[in-house]
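Asker: This is the structure, below, for whatever I ask next.
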Amino acid sequence: MTNGIPIGRFFGFPVRMHWSVLVMIWLFAWSLASYTLPAAAPGHSLAVYWLAGVCGAVLLMVSVLAHEIMHAVVARLHGLGVKDLTLWMFGGMATFTDEPKTPGADFRIAGAGPATSLALAGVFAGATAAGAAVGLDPLTVRVGWWLAGVNLLLGLFNLLPGAPLDGGRIFRAILWYRSKDRQRAAIGAARAGLVLGGVLIGLGLLEFLSGRFMGGIWTVFIGWFLLSAARTEQQQATVVRLLDGIRVRDVMTSDPVTAPGWFTVEALISRYVMVRPHSAFPVTDFDGSVRGLITLNQLRSVPPEVRSTTRVADVAIPLERVPKADPSELLVEVFARLTQDAGGRVLVFEDGRLVGIVTRADLSRILEVRSVAVPPGDGR
């Protein structure tokens, strides 16, 4: 969920909004304006109900943003980089550039979000109670109680002990502290997430059969999402465990073939692509320095009629956008970089000199070997 519309920076963190947030704002506003508010505070026009409903829905999204910001703030206090925060249909997601180094840090980062939601529930409840005591309009009072209730529900739901919920992260931190093995703890938390997702799907089906159609559909949908996300986390944790102890130098292709940036695309295809068993080449300048990376995707993007006049350097991926690594780095630390752009490749530099390249094929090969070498019960 990294795609989204940039909406600004909050506390120094870039924030994005997925289009599904607009759908959720509309659904919450519609529910408030059509059912909740008219029943609690009759006598207002439809426009007033909709205005109050939109305000309530927007404040809820602000509460979700505060939840994610606190994750990011605590992560930054523990030395983690924060790539961005993304709001979407099921709440939000803080993306970090690295992982917590200790179980305690993992616990505090995970717990910061639910604690914020529960604190906001208390703030909304206290402010609403005070407002009601001094005669605040019942419409505003109802919106306040709704915000308190939804934040309470958000905080408690996120504490459920299954990945990818915050409660699953807390559970992972506890398992990590007890076992001293982070990846085994991550697999355990993912398994708990699979169970939780299955339970929610079962509860949703029961709701549906008992006549609560919309509630049942939503519960099944949330359970399905948790099940899918937990399965993905389990697979990732298993991959990370299989890569334990392996360094970049152990899998990289040393001294990769480079392509002159001053060549035309046509010359590169005829003299390199057609005669060498490679699908990507680091691009060099006249002085031998690496300037970027050219892949088959970039070559395909050049129309045939201009390939004889287009330089390779002009269509190559610039070096600053190509993931890089040091040969002494652990492969598990480079794993995420292989999912970025540049065609799933990482260039390996040592003392400023290109010494190798790592591809997804290299990763797949070592995973196949390790899956045979690692005992079947280890980390599964």
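Here, A, B, ... name the chains of the structure tokens in the order displayed, residue numbers run from 1 inside each chain, and ligands are numbered from 1 in the same displayed order.
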Using the chain letters and numbers from this document, which residues of range 42-235 of chain A does DSSP assign to strand (DSSP E), as a PyMOL selection string?
Answerer: chain A and resi 82-88+91-96
Asker: Would you write out those residues with C-alpha atoms, as a JSON list (two decimals), in the first residue's frame?
Answerer:
[["chain", "number", "residue", "atom", "x", "y", "z"],
["A", 82, "VAL", "CA", 10.35, 6.44, 8.39],
["A", 83, "LYS", "CA", 9.70, 6.31, 4.66],
["A", 84, "ASP", "CA", 6.10, 7.53, 4.73],
["A", 85, "LEU", "CA", 2.64, 7.16, 6.25],
["A", 86, "THR", "CA", -0.26, 5.99, 4.10],
["A", 87, "LEU", "CA", -3.96, 6.30, 4.91],
["A", 88, "TRP", "CA", -6.28, 3.83, 3.24],
["A", 91, "GLY", "CA", -6.84, 2.67, 8.53],
["A", 92, "GLY", "CA", -3.21, 3.46, 7.96],
["A", 93, "MET", "CA", 0.29, 2.10, 7.54],
["A", 94, "ALA", "CA", 3.65, 3.46, 8.61],
["A", 95, "THR", "CA", 6.50, 2.26, 6.38],
["A", 96, "PHE", "CA", 9.92, 2.06, 8.02]]
Asker: So how far away is CA of Glu266 in chain A from CA of Val283 in chain A, in Å?
Answerer: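 We find that CA of Val283 in chain A and CA of Glu266 in chain A lie 14.9 Å from each other.
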Asker: Got a sec: who's within 12 Å of Asp166 in chain A, counting only C-alpha atoms, leaving out chain neighbours fewer than 2 positions off, as an NGL selection string?
Answerer: :A and (67-68 or 71 or 91-94 or 106-117 or 154-164 or 168-173 or 189-190 or 193 or 226)
Asker: Just checking: using only C-alpha atoms, which residue out of A:Ala105, A:Met89, A:Leu354, A:Ala237 ends up closest to Ser289 in chain A?
Answerer: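 The shortest atom-to-atom distance to Ser289 in chain A comes from A:Leu354.
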Asker: Range 50-54 of chain A: which residues within 6 Å, counting only C-alpha atoms, same-chain residues fewer than 6 positions away excluded, as a list in words?
Answerer: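 Counting only C-alpha atoms, the residues come to Ala29, Leu32 and Ala33 of chain A.
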Asker: Just the helix (DSSP H, G or I) stuff from range 325-376 of chain A, please, per backbone DSSP, written as a ChimeraX atom specification.
Answerer: /A:331-339,341-344,360-373
Asker: So, counting only C-alpha atoms, which residue among A:Val58, A:Glu350, A:Ile187, A:Thr97 is closest to Arg337 in chain A?
Answerer: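 Under the stated criterion, the closest residue is A:Thr97.
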Asker: Per residue of range 288-349 of chain A within 6 Å of range 355-371 of chain A, note the shortest atom pair and the distance in Å to one decimal, counting only C-alpha atoms, and order the rows by chain and increasing residue number, as a tab-separated table.
Answerer:
residue	atom	partner	partner_atom	distance
A:Gly344	CA	A:Arg360	CA	5.8
A:Arg345	CA	A:Thr359	CA	4.5
A:Val346	CA	A:Val358	CA	5.1
A:Leu347	CA	A:Ile357	CA	4.6
A:Val348	CA	A:Gly356	CA	4.8
A:Phe349	CA	A:Val355	CA	5.5
Asker: From the set A:Val23, A:Ala57, A:Val220, A:Ala230, which residue has the shortest atom-to-atom contact distance to Arg191 in chain A, counting only C-alpha atoms?
Answerer: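 Closest residue, counting only C-alpha atoms: A:Ala230.
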Asker: Taking only C-alpha atoms into account, name the residue in A:Gly352, A:Pro323, A:Gly343, A:Gly223 that is nearest to Val290 in chain A.
Answerer: A:Gly352
Asker: Of the candidates A:Leu227, A:Val302, A:Ala325, A:Leu293, which one gets nearest to Met252 in chain A if we count only C-alpha atoms?
Answerer: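 Checking each candidate against Met252 in chain A, we get A:Ala325 as the closest.
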Asker: I need the residue nearest Gly144 in chain A from this list: A:Ile201, A:Leu243, A:Leu59, A:Val195. Use only C-alpha atoms for the distance.
Answerer: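 Among the listed residues, A:Leu59 lies closest to Gly144 in chain A.
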